[in-house]
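Enquirer: What follows is data-v4.tsv; its format and atoms are TSV, C-alpha atoms and all ligand atoms.
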chain	number	residue	atom	x	y	z
X	1	MET	CA	55.90	-55.38	-22.72
X	2	ALA	CA	54.52	-58.74	-21.60
X	3	GLU	CA	51.17	-58.42	-19.90
X	4	TYR	CA	50.21	-60.10	-16.68
X	5	VAL	CA	46.93	-60.64	-14.93
X	6	VAL	CA	46.47	-61.06	-11.23
X	7	GLU	CA	42.71	-61.42	-11.35
X	8	PHE	CA	40.88	-62.29	-14.54
X	9	GLY	CA	37.61	-60.52	-15.28
X	10	LYS	CA	38.83	-57.20	-13.84
X	11	GLU	CA	40.11	-55.72	-17.10
X	12	GLY	CA	36.76	-55.13	-18.75
X	13	ARG	CA	36.80	-58.31	-20.78
X	14	PRO	CA	33.37	-59.92	-21.27
X	15	VAL	CA	32.40	-62.44	-18.64
X	16	GLU	CA	29.92	-65.16	-19.60
X	17	PRO	CA	26.73	-65.18	-17.48
X	18	ASP	CA	27.73	-68.54	-16.00
X	19	GLY	CA	30.99	-67.06	-14.65
X	20	ARG	CA	33.38	-68.25	-17.35
X	21	LEU	CA	36.33	-65.87	-17.63
X	22	ASP	CA	38.60	-65.53	-20.64
X	23	ALA	CA	42.38	-65.17	-20.56
X	24	THR	CA	43.70	-63.62	-23.76
X	25	ALA	CA	47.03	-65.43	-23.40
X	26	PHE	CA	45.33	-68.82	-23.30
X	27	HIS	CA	44.42	-68.53	-26.98
X	28	ARG	CA	48.08	-67.95	-27.88
X	29	ASN	CA	49.74	-70.45	-25.60
X	30	HIS	CA	47.58	-73.56	-25.18
X	31	GLU	CA	48.69	-75.29	-28.38
X	32	PRO	CA	52.45	-74.76	-27.85
X	33	ILE	CA	52.15	-75.88	-24.22
X	34	TRP	CA	50.19	-79.01	-25.14
X	35	SER	CA	52.76	-79.86	-27.82
X	36	VAL	CA	55.21	-80.42	-24.95
X	37	LEU	CA	52.84	-81.96	-22.41
X	38	GLN	CA	51.43	-84.45	-24.90
X	39	ARG	CA	54.86	-86.06	-25.33
X	40	TYR	CA	54.78	-86.99	-21.64
X	41	LEU	CA	51.05	-87.51	-21.07
X	42	ALA	CA	49.28	-88.58	-24.26
X	43	ALA	CA	49.64	-92.34	-23.72
X	44	GLU	CA	49.22	-92.19	-19.92
X	45	THR	CA	46.48	-92.69	-17.40
X	46	GLY	CA	46.34	-91.20	-13.92
X	47	ASP	CA	45.67	-87.96	-12.09
X	48	VAL	CA	47.01	-84.53	-13.07
X	49	VAL	CA	46.66	-81.46	-10.87
X	50	GLU	CA	46.69	-77.98	-12.33
X	51	ALA	CA	47.96	-75.49	-9.75
X	52	GLY	CA	46.77	-71.90	-10.15
X	53	SER	CA	44.31	-72.75	-12.92
X	54	GLY	CA	43.08	-69.16	-13.36
X	55	THR	CA	40.13	-69.12	-15.73
X	56	GLY	CA	40.12	-72.93	-16.12
X	57	GLN	CA	40.58	-72.86	-19.89
X	58	HIS	CA	43.84	-74.83	-19.91
X	59	VAL	CA	42.56	-77.69	-17.80
X	60	VAL	CA	39.44	-78.12	-19.93
X	61	CYS	CA	41.46	-77.93	-23.15
X	62	PHE	CA	44.03	-80.46	-21.98
X	63	ALA	CA	41.35	-82.77	-20.55
X	64	ARG	CA	39.76	-82.85	-24.01
X	65	HIS	CA	43.13	-83.85	-25.50
X	66	ALA	CA	43.76	-86.54	-22.86
X	67	PRO	CA	40.45	-88.20	-21.95
X	68	ASP	CA	42.13	-91.11	-20.11
X	69	ILE	CA	43.63	-88.72	-17.55
X	70	VAL	CA	41.64	-87.31	-14.62
X	71	TRP	CA	42.32	-83.58	-14.31
X	72	TRP	CA	42.14	-81.74	-10.96
X	73	PRO	CA	42.06	-77.93	-11.30
X	74	SER	CA	42.78	-75.62	-8.39
X	75	ASP	CA	43.27	-71.99	-7.49
X	76	LEU	CA	43.16	-69.56	-4.58
X	77	ASN	CA	40.92	-66.83	-6.02
X	78	GLU	CA	37.16	-67.20	-5.54
X	79	GLN	CA	36.24	-65.69	-8.93
X	80	HIS	CA	38.71	-67.98	-10.63
X	81	LEU	CA	37.31	-71.03	-8.81
X	82	LYS	CA	33.85	-70.05	-10.10
X	83	SER	CA	35.20	-69.63	-13.62
X	84	ILE	CA	36.94	-73.02	-13.52
X	85	ALA	CA	33.71	-74.64	-12.32
X	86	ALA	CA	31.80	-72.89	-15.12
X	87	TRP	CA	34.27	-73.99	-17.82
X	88	ARG	CA	34.07	-77.53	-16.42
X	89	GLY	CA	30.27	-77.47	-16.60
X	90	HIS	CA	30.30	-75.91	-20.07
X	91	SER	CA	32.70	-78.58	-21.36
X	92	GLY	CA	30.56	-81.49	-20.23
X	93	LEU	CA	33.78	-83.46	-19.75
X	94	GLY	CA	33.65	-86.33	-17.28
X	95	ASN	CA	37.41	-86.33	-16.65
X	96	VAL	CA	37.65	-82.89	-15.01
X	97	ARG	CA	37.08	-82.79	-11.27
X	98	PRO	CA	35.54	-79.74	-9.53
X	99	PRO	CA	38.10	-77.04	-8.73
X	100	GLN	CA	39.68	-77.07	-5.29
X	101	ARG	CA	40.92	-74.14	-3.25
X	102	ILE	CA	44.64	-74.72	-2.89
X	103	ASP	CA	47.13	-72.19	-1.55
X	104	LEU	CA	50.53	-73.19	-2.88
X	105	SER	CA	52.27	-71.12	-0.23
X	106	ASP	CA	51.25	-73.85	2.22
X	107	PRO	CA	53.95	-76.51	1.74
X	108	ALA	CA	51.50	-79.13	3.04
X	109	TRP	CA	48.86	-78.41	0.35
X	110	CYS	CA	46.94	-81.44	-0.77
X	111	LEU	CA	43.85	-82.50	-2.71
X	112	THR	CA	40.50	-83.48	-1.22
X	113	PRO	CA	38.98	-86.67	-2.69
X	114	HIS	CA	36.06	-86.18	-5.08
X	115	GLU	CA	32.97	-88.17	-4.07
X	116	GLY	CA	35.17	-90.25	-1.83
X	117	SER	CA	37.80	-91.19	-4.38
X	118	GLY	CA	41.14	-90.04	-5.73
X	119	PRO	CA	43.44	-88.64	-6.54
X	120	GLY	CA	46.15	-91.26	-6.23
X	121	ARG	CA	49.82	-90.39	-6.47
X	122	LEU	CA	49.97	-87.87	-9.28
X	123	LEU	CA	51.00	-88.45	-12.86
X	124	ALA	CA	51.76	-84.75	-13.14
X	125	ILE	CA	51.36	-81.23	-11.81
X	126	PHE	CA	50.98	-78.40	-14.34
X	127	CYS	CA	51.45	-74.79	-13.28
X	128	ALA	CA	51.38	-71.90	-15.76
X	129	ASN	CA	52.24	-68.27	-15.14
X	130	VAL	CA	51.98	-68.48	-11.36
X	131	ILE	CA	55.36	-68.46	-9.62
X	132	HIS	CA	56.53	-65.08	-10.97
X	133	ILE	CA	53.27	-63.37	-9.93
X	134	ALA	CA	53.52	-64.69	-6.39
X	135	PRO	CA	56.03	-64.65	-3.53
X	136	TRP	CA	58.93	-67.11	-3.64
X	137	ARG	CA	57.26	-69.23	-0.96
X	138	VAL	CA	54.66	-70.20	-3.60
X	139	ALA	CA	57.42	-71.76	-5.72
X	140	GLU	CA	58.75	-73.44	-2.58
X	141	GLY	CA	55.30	-74.83	-1.77
X	142	LEU	CA	54.74	-75.98	-5.33
X	143	PHE	CA	57.96	-78.02	-5.34
X	144	ALA	CA	57.32	-79.33	-1.84
X	145	GLY	CA	53.94	-80.61	-3.00
X	146	ALA	CA	55.44	-82.11	-6.14
X	147	GLY	CA	57.99	-83.97	-4.04
X	148	ARG	CA	55.26	-85.38	-1.80
X	149	LEU	CA	52.53	-86.07	-4.33
X	150	LEU	CA	54.08	-87.12	-7.65
X	151	ARG	CA	54.36	-90.80	-8.39
X	152	ALA	CA	57.72	-92.36	-9.24
X	153	ASP	CA	57.28	-91.65	-12.96
X	154	GLY	CA	55.51	-88.31	-12.40
X	155	TRP	CA	56.23	-84.90	-13.91
X	156	LEU	CA	56.09	-81.27	-12.86
X	157	PHE	CA	55.52	-78.85	-15.75
X	158	LEU	CA	56.10	-75.12	-15.30
X	159	TYR	CA	55.17	-72.62	-18.00
X	160	GLY	CA	56.13	-68.97	-18.08
X	161	PRO	CA	59.08	-66.60	-18.45
X	162	PHE	CA	62.30	-67.65	-16.68
X	163	LYS	CA	65.84	-66.36	-16.26
X	164	ARG	CA	68.78	-68.57	-17.29
X	165	ASP	CA	71.94	-68.35	-15.15
X	166	GLY	CA	70.79	-65.07	-13.68
X	167	ALA	CA	70.12	-63.42	-17.05
X	168	HIS	CA	66.89	-62.61	-18.79
X	169	THR	CA	66.34	-64.41	-22.08
X	170	ALA	CA	64.86	-61.29	-23.74
X	171	VAL	CA	64.66	-57.56	-23.15
X	172	SER	CA	60.88	-57.84	-22.96
X	173	ASN	CA	61.23	-60.29	-20.06
X	174	ALA	CA	63.56	-57.86	-18.23
X	175	VAL	CA	60.98	-55.10	-18.62
X	176	PHE	CA	58.26	-57.47	-17.49
X	177	ASP	CA	60.33	-58.45	-14.44
X	178	SER	CA	60.73	-54.78	-13.48
X	179	SER	CA	57.02	-54.17	-13.80
X	180	LEU	CA	56.29	-57.19	-11.61
X	181	ARG	CA	58.74	-56.07	-8.93
X	182	ASP	CA	57.39	-52.51	-9.04
X	183	ASN	CA	53.96	-53.93	-8.35
X	184	ASN	CA	55.14	-56.25	-5.58
X	185	PRO	CA	58.79	-56.63	-4.45
X	186	GLU	CA	58.11	-60.29	-3.64
X	187	TRP	CA	57.23	-61.07	-7.27
X	188	GLY	CA	59.61	-61.53	-10.18
X	189	VAL	CA	60.74	-63.71	-13.05
X	190	ARG	CA	62.42	-66.76	-11.50
X	191	ASP	CA	65.83	-68.17	-12.35
X	192	ILE	CA	65.94	-71.75	-13.59
X	193	ALA	CA	69.00	-72.45	-11.42
X	194	GLU	CA	67.07	-71.38	-8.29
X	195	LEU	CA	64.18	-73.63	-9.30
X	196	GLU	CA	66.59	-76.52	-9.80
X	197	LYS	CA	67.69	-76.06	-6.18
X	198	LEU	CA	64.07	-76.38	-5.05
X	199	ALA	CA	63.70	-79.41	-7.31
X	200	MET	CA	66.74	-81.07	-5.78
X	201	GLY	CA	65.29	-80.59	-2.31
X	202	ALA	CA	62.09	-82.25	-3.47
X	203	GLY	CA	63.81	-85.23	-5.11
X	204	LEU	CA	63.26	-83.90	-8.63
X	205	HIS	CA	65.51	-82.75	-11.43
X	206	LEU	CA	65.15	-80.73	-14.60
X	207	VAL	CA	64.74	-83.01	-17.62
X	208	GLU	CA	63.74	-80.58	-20.38
X	209	ILE	CA	63.62	-76.89	-21.22
X	210	ALA	CA	61.21	-76.34	-24.13
X	211	GLU	CA	61.18	-73.01	-25.94
X	212	MET	CA	57.76	-71.41	-26.30
X	213	PRO	CA	56.57	-68.38	-28.28
X	214	ALA	CA	56.95	-64.91	-26.76
X	215	ASN	CA	60.12	-65.79	-24.81
X	216	ASN	CA	58.35	-68.24	-22.54
X	217	LEU	CA	59.52	-71.74	-21.62
X	218	VAL	CA	58.09	-75.00	-20.42
X	219	LEU	CA	60.29	-76.56	-17.74
X	220	VAL	CA	59.83	-80.27	-17.17
X	221	PHE	CA	60.96	-81.80	-13.88
X	222	GLY	CA	60.99	-85.53	-13.14
X	223	ARG	CA	61.92	-87.73	-10.21
X	224	SER	CA	65.65	-87.89	-9.63
X	225	GLN	CA	65.38	-91.65	-9.20
X	226	ALA	CA	62.50	-94.09	-9.35
X	227	ALA	CA	61.03	-94.37	-5.83
R	1	LIG	C1	48.56	-65.09	-14.01
R	1	LIG	S1	47.39	-66.19	-13.36
R	1	LIG	C2	47.67	-67.63	-14.40
R	1	LIG	C3	46.44	-68.47	-14.50
R	1	LIG	C4	46.53	-69.65	-15.48
R	1	LIG	N1	47.45	-70.65	-14.98
R	1	LIG	C5	46.93	-69.18	-16.85
R	1	LIG	O1	48.06	-69.42	-17.27
R	1	LIG	O2	46.09	-68.57	-17.51
R	1	LIG	C6	48.06	-66.68	-11.79
R	1	LIG	C7	47.11	-67.57	-11.02
R	1	LIG	O3	47.77	-68.01	-9.83
R	1	LIG	C8	46.84	-67.98	-8.77
R	1	LIG	N2	47.59	-67.90	-7.51
R	1	LIG	C9	48.25	-66.83	-7.02
R	1	LIG	N3	48.78	-67.12	-5.83
R	1	LIG	C10	48.45	-68.41	-5.57
R	1	LIG	C11	48.70	-69.29	-4.48
R	1	LIG	N4	49.38	-68.87	-3.40
R	1	LIG	N5	48.21	-70.54	-4.55
R	1	LIG	C12	47.51	-70.95	-5.62
R	1	LIG	N6	47.23	-70.17	-6.67
R	1	LIG	C13	47.69	-68.91	-6.65
R	1	LIG	C14	45.98	-66.76	-9.06
R	1	LIG	O4	44.76	-66.77	-8.38
R	1	LIG	C15	45.84	-66.86	-10.57
R	1	LIG	O5	44.71	-67.61	-10.93
Once more with this new file: its structure as structure tokens, please.
Expert:
Amino acid sequence: MAEYVVEFGKEGRPVEPDGRLDATAFHRNHEPIWSVLQRYLAAETGDVVEAGSGTGQHVVCFARHAPDIVWWPSDLNEQHLKSIAAWRGHSGLGNVRPPQRIDLSDPAWCLTPHEGSGPGRLLAIFCANVIHIAPWRVAEGLFAGAGRLLRADGWLFLYGPFKRDGAHTAVSNAVFDSSLRDNNPEWGVRDIAELEKLAMGAGLHLVEIAEMPANNLVLVFGRSQAA
């Protein structure tokens, strides 16, 4: 059965003294995810927000791959915000901004400038393993923010398990979905068609579905027309 984590650092895994948390799944998924993102981002400059950064390992990893991009991590959970800040400090990278507390269920969520500057209109928003472990209004808020904040050539990347046309793509995802819903009836593996409806409302459309290991996908959404 697929595992999920609501709060990192609660499952007895070692926590570094500086607050850095470790997500087991990060070690399996960061390379496949970057193999998709790099096709859109590698030659670009601009600002990228990570929504629901968790431990902060992805944002630091991707910022190392793309030094010309300024990365803006965020989360809701205080321990996670501390972990993100610790990974940022540990990395020594100058292109990762301090983590911000963002609640995606607020459709008006936005970034606070860092030392008086940025971010501009966003090159991208990346969000991994969040919208199925959160109420539907979090997906709604995520897309609302993408519609407001992405630049004309911007991208929204979603990583995780998804249903296609109402059906699970693997038995393990169906079992995972049941376990999520047992834990919280507002959670659950989301259907790509339902996400496309949110995208349409935000002026976005689905441009790519990339297969990932362990029956996960990366969904790439872009602007429906250059604005
Ligand atoms: C399963 S973790 C995934 C973390 C990270 N993206 C990863 O893939 O390792 C889900 C994350 O979403 C965050 N989250 C949950 N609800 C949220 C909300 N309403 N707004 C922003 N973040 C939220 C949690 O605090 C947690 O860090």
Enquirer: I need the residue nearest ligand LIG 1 (chain R) from this list: X:Asp18, X:Asp75, X:Asp68, X:Glu211. Use all atoms listed in the file for the distance.
Expert: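 Closest candidate: X:Asp75.
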Enquirer: Hey, which residues come within 9 Å of ligand LIG 1 (chain R) if we count all atoms listed in the file? Could you give them as a VMD selection string?
Expert: chain X and resid 4 to 8 22 to 26 29 to 30 50 to 58 74 to 81 101 to 106 126 to 135 137 to 139 141 to 142 159 to 160
Enquirer: I'd like the interatomic distance between atom CA of Asp191 of chain X and atom CA of Ala167 of chain X, to a tenth of an Å.
Expert: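 Distance between the two atoms: 7.9 Å.
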Enquirer: Please identify all polymer residues within 9 Å of Leu217 of chain X, counting only C-alpha atoms, omitting same-chain residues fewer than 5 positions from it, and present them as a list of chain:residue names.
Expert: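 Contacts, in chain order: X:Ile33, X:Leu158, X:Tyr159, X:Gly160, X:Pro161, X:Phe162, X:Ile209, X:Ala210, X:Glu211, X:Met212.
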Enquirer: With distances taken over all atoms listed in the file, which of X:Val218, X:Ala108, X:Ala86, X:Leu195 is nearest to Ser35 of chain X?
Expert: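 Closest candidate: X:Val218.
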Enquirer: Can you tell me how far atom CA of Phe62 of chain X sits from atom CA of Leu93 of chain X, in Å to one decimal?
Expert: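 Result for atom CA of Phe62 of chain X versus atom CA of Leu93 of chain X: 10.9 Å, one decimal.
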Enquirer: Would you compute the distance between atom CA of Leu37 of chain X and atom CA of Arg148 of chain X? Give it in Å to one decimal.
Expert: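 We find that atom CA of Leu37 of chain X and atom CA of Arg148 of chain X lie 21.0 Å from each other.
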Enquirer: Using all atoms listed in the file for the distances, tell me which of X:Trp187, X:Phe143, X:Phe221, X:Phe176 is nearest to Gly201 of chain X.
Expert: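 Among the listed residues, the smallest separation from Gly201 of chain X belongs to X:Phe143.
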Enquirer: Would you kindly return, as a ChimeraX atom specification, each protein, DNA or RNA residue with an atom no farther than 9 Å from any atom of segment 115-124 of chain X, considering all atoms listed in the file and excluding same-chain residues fewer than 4 positions away?
Expert: /X:41,44-50,69-70,72,111,146,148-157
Enquirer: Using all atoms listed in the file - which residues lie no farther than 12 Å from the point (73.8, -66.4, -16.2) in the file's frame? Write them as a VMD selection string.
Expert: chain X and resid 162 to 169 191 to 194
Enquirer: Would you mind telling me which residue in X:Ser172, X:Val59, X:Cys110, X:Ile125 lies nearest to Arg97 of chain X when using all atoms listed in the file?
Expert: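 Once distances to Arg97 of chain X are computed over all atoms listed in the file, the minimum belongs to X:Val59.
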